[in-house]
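**Q** Below you will find the structure I want to go over with you.
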Amino acid sequence: MATRRELVKRTSAKKGFFAFAGLVGSGVLFWKTGWIPGTVGVVGTLWLTWDWFKFRAINGLRFK
């Protein structure tokens with residue numbers, strides 16, 4: 001059974017991974033298809049990154 005802190009850290013890591021994967025995916029979209037699909041990818045990446053930052057701030061996790 002994991003503690004609350006371990007669950008929060010694990011969830012934060014997942015959210016951070018998806019935000020990074022969105023960044024890489026947006027870069028590939030810009031490179032392969034052009035600026036319109038790439039812009040849509042950037043909007044999704046910004047939302048994922050905002051969700052990650054907000055989650056860390058609410059749960060009191062620090063950036064090292």
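Lettering and numbering for the structure tokens are positional, with chains as A, B, ... in the shown order, residues counted from 1 in each chain, and ligands counted from 1 in the shown order.
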Using only C-alpha atoms, which residues sit within 12 Å of Lys14 (chain A) once same-chain residues fewer than 4 positions away are excluded, as a ChimeraX atom specification?

**A** /A:7-10,18-21,48-49,51-52,55-56

**Q** Give me, please, the distance in Å between CA of Asn59 (chain A) and CA of Arg5 (chain A), quoted to one decimal.

**A**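 So the answer is 8.9 Å.
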
**Q** DSSP on the backbone, alpha helix (DSSP H) only: what residues of chain A does that give? Format it as a PyMOL selection string.

**A** chain A and resi 4-32+35-58

**Q** In Å to one decimal, how far is CA of Gly25 (chain A) from CA of Gly44 (chain A)?

**A**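 Separation of CA of Gly44 (chain A) and CA of Gly25 (chain A): 10.1 Å.
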
**Q** From the list A:Arg62, A:Trp50, A:Ala57, A:Phe30, which residue is nearest Lys15 (chain A) when using only C-alpha atoms?

**A** A:Trp50
